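> This is the structure I want to talk about, given as structure tokens.
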Amino acid sequence: MKFLNIGFGNMVSIERIVAVLSPESAPVKRIIQEARDTSVLIDATYGRRTRAVIITDSEHIILSPLQPETLERRLSGKVVPDDLPEETN
């Protein structure tokens, strides 16, 4: 089983990820609010700004402080040193 670092040492199983979305659109904001209301929201931002929303096959919604592009690079195995400083901001 492989895991994806979604920021601050938090990991998500790659096999469970259905989508990685930007949190800006109104439909995604509604998904986040509905997940919060039904207790299936996992906030892994540590109080930082949400930059990516991860949807899993178990219908859990995970908030990440990393950009969707950064997560995509990590998923594809193209991790570059520039990915690391984002976690410390």
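By order of appearance in the structure tokens: chains A, B, ..., then residues from 1 within every chain, and ligands from 1 in the order shown.
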Considering only strand (DSSP E or B) as DSSP defines it on the backbone, what residues of chain A qualify? List them as a list in words.

Phe3, Leu4, Asn5, Ile6, Gly7, Asn10, Met11, Val12, Ser13, Ile17, Val18, Ala19, Val20, Leu21, Leu41, Ile42, Asp43, Ala52, Val53, Ile54, Ile55, Thr56, Ile61, Ile62, Leu63 and Ser64 of chain A

> So that I can check the surroundings of Arg16 (chain A), please list as a PyMOL selection string every protein, DNA and RNA residue that reaches within 10 Å of it, counting only C-alpha atoms and ignoring chain neighbours fewer than 3 positions away.

chain A and resi 3+12-13+19+54-60

> Check the smallest atom-to-atom distance from each of A:Leu21, A:Ala52, A:Ile31, A:Met1 to Leu66 (chain A) using only C-alpha atoms, then report the winner.

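Checking each candidate against Leu66 (chain A), we get A:Ala52 as the closest.
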
> Just checking: using only C-alpha atoms, which residue out of A:Arg51, A:Pro65, A:Gly77, A:Glu72 ends up closest to Ser22 (chain A)?

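Using only C-alpha atoms, Ser22 (chain A) sits closest to A:Arg51.
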
> Need the shell around Ile42 (chain A): protein/DNA/RNA residues with any atom at most 9 Å away, counting only C-alpha atoms. Skip same-chain ones fewer than 6 positions apart. Format as a list of chain:residue names?

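My reading of the contact set: A:Ala35, A:Arg36, A:His60, A:Ile61, A:Ile62, A:Leu63.
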
> Calculated over only C-alpha atoms, which of the candidates A:Leu75, A:Ser25, A:Glu69, A:Ser64 has the smallest distance to Arg49 (chain A)?

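Of A:Leu75, A:Ser25, A:Glu69, A:Ser64, the one nearest Arg49 (chain A) is A:Ser64, counting only C-alpha atoms.
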
> Please run DSSP on the backbone and report, as a list of chain:residue names, all residues within region 6-59 of chain A that come out as alpha helix (DSSP H).

A:Ala26, A:Pro27, A:Val28, A:Lys29, A:Arg30, A:Ile31, A:Ile32, A:Gln33, A:Glu34, A:Ala35, A:Arg36, A:Asp37

> Write the residues you've just listed into a file as a compact mmCIF listing (two decimals), in the first residue's frame, and include all heavy atoms for each of them.


```
# COMPACT_ATOMS: atom_id res chain seq x y z
N ALA A 26 -17.85 27.13 -6.15
CA ALA A 26 -19.01 27.01 -5.27
C ALA A 26 -19.42 25.55 -5.02
O ALA A 26 -19.73 25.20 -3.87
CB ALA A 26 -20.19 27.80 -5.84
N PRO A 27 -19.41 24.67 -6.04
CA PRO A 27 -19.77 23.27 -5.78
C PRO A 27 -18.82 22.59 -4.78
O PRO A 27 -19.26 21.82 -3.93
CB PRO A 27 -19.68 22.61 -7.15
CG PRO A 27 -19.90 23.71 -8.12
CD PRO A 27 -19.27 24.92 -7.49
N VAL A 28 -17.53 22.89 -4.88
CA VAL A 28 -16.57 22.28 -3.95
C VAL A 28 -16.79 22.84 -2.54
O VAL A 28 -16.72 22.10 -1.56
CB VAL A 28 -15.11 22.50 -4.43
CG1 VAL A 28 -14.13 21.99 -3.40
CG2 VAL A 28 -14.89 21.80 -5.76
N LYS A 29 -17.09 24.12 -2.44
CA LYS A 29 -17.39 24.71 -1.13
C LYS A 29 -18.62 24.05 -0.51
O LYS A 29 -18.66 23.81 0.70
CB LYS A 29 -17.60 26.22 -1.25
CG LYS A 29 -16.32 26.96 -1.52
CD LYS A 29 -16.56 28.45 -1.66
CE LYS A 29 -15.24 29.16 -1.96
NZ LYS A 29 -15.40 30.59 -2.14
N ARG A 30 -19.62 23.73 -1.33
CA ARG A 30 -20.81 23.02 -0.84
C ARG A 30 -20.45 21.62 -0.37
O ARG A 30 -20.94 21.15 0.66
CB ARG A 30 -21.89 22.95 -1.91
CG ARG A 30 -22.74 24.19 -1.99
CD ARG A 30 -23.99 23.97 -2.82
NE ARG A 30 -23.71 23.63 -4.20
CZ ARG A 30 -23.49 24.51 -5.18
NH1 ARG A 30 -23.51 25.79 -4.92
NH2 ARG A 30 -23.26 24.11 -6.40
N ILE A 31 -19.59 20.93 -1.12
CA ILE A 31 -19.14 19.59 -0.73
C ILE A 31 -18.45 19.64 0.63
O ILE A 31 -18.69 18.80 1.49
CB ILE A 31 -18.20 18.99 -1.81
CG1 ILE A 31 -18.99 18.64 -3.07
CG2 ILE A 31 -17.46 17.77 -1.28
CD1 ILE A 31 -18.11 18.27 -4.25
N ILE A 32 -17.59 20.65 0.82
CA ILE A 32 -16.88 20.80 2.10
C ILE A 32 -17.88 21.03 3.23
O ILE A 32 -17.77 20.40 4.30
CB ILE A 32 -15.85 21.94 2.02
CG1 ILE A 32 -14.73 21.58 1.05
CG2 ILE A 32 -15.30 22.28 3.41
CD1 ILE A 32 -13.81 22.74 0.70
N GLN A 33 -18.85 21.91 3.02
CA GLN A 33 -19.83 22.20 4.08
C GLN A 33 -20.69 20.98 4.39
O GLN A 33 -20.94 20.68 5.56
CB GLN A 33 -20.72 23.38 3.68
CG GLN A 33 -21.63 23.84 4.79
CD GLN A 33 -20.87 24.23 6.05
OE1 GLN A 33 -19.90 24.98 6.00
NE2 GLN A 33 -21.28 23.70 7.19
N GLU A 34 -21.10 20.24 3.38
CA GLU A 34 -21.89 19.03 3.60
C GLU A 34 -21.07 17.98 4.36
O GLU A 34 -21.59 17.30 5.25
CB GLU A 34 -22.38 18.45 2.28
CG GLU A 34 -23.47 19.28 1.63
CD GLU A 34 -23.83 18.81 0.23
OE1 GLU A 34 -23.37 17.72 -0.18
OE2 GLU A 34 -24.56 19.54 -0.45
N ALA A 35 -19.79 17.86 4.03
CA ALA A 35 -18.91 16.92 4.73
C ALA A 35 -18.75 17.33 6.19
O ALA A 35 -18.74 16.48 7.09
CB ALA A 35 -17.56 16.84 4.04
N ARG A 36 -18.63 18.62 6.43
CA ARG A 36 -18.51 19.12 7.80
C ARG A 36 -19.79 18.79 8.59
O ARG A 36 -19.73 18.34 9.73
CB ARG A 36 -18.24 20.62 7.78
CG ARG A 36 -17.99 21.22 9.14
CD ARG A 36 -17.58 22.69 9.07
NE ARG A 36 -16.16 22.77 8.72
CZ ARG A 36 -15.68 23.38 7.63
NH1 ARG A 36 -16.49 23.98 6.79
NH2 ARG A 36 -14.39 23.41 7.40
N ASP A 37 -20.93 19.00 7.96
CA ASP A 37 -22.22 18.75 8.62
C ASP A 37 -22.44 17.28 8.93
O ASP A 37 -23.09 16.93 9.92
CB ASP A 37 -23.37 19.27 7.75
CG ASP A 37 -23.36 20.79 7.62
OD1 ASP A 37 -22.68 21.46 8.43
OD2 ASP A 37 -24.02 21.30 6.69
```
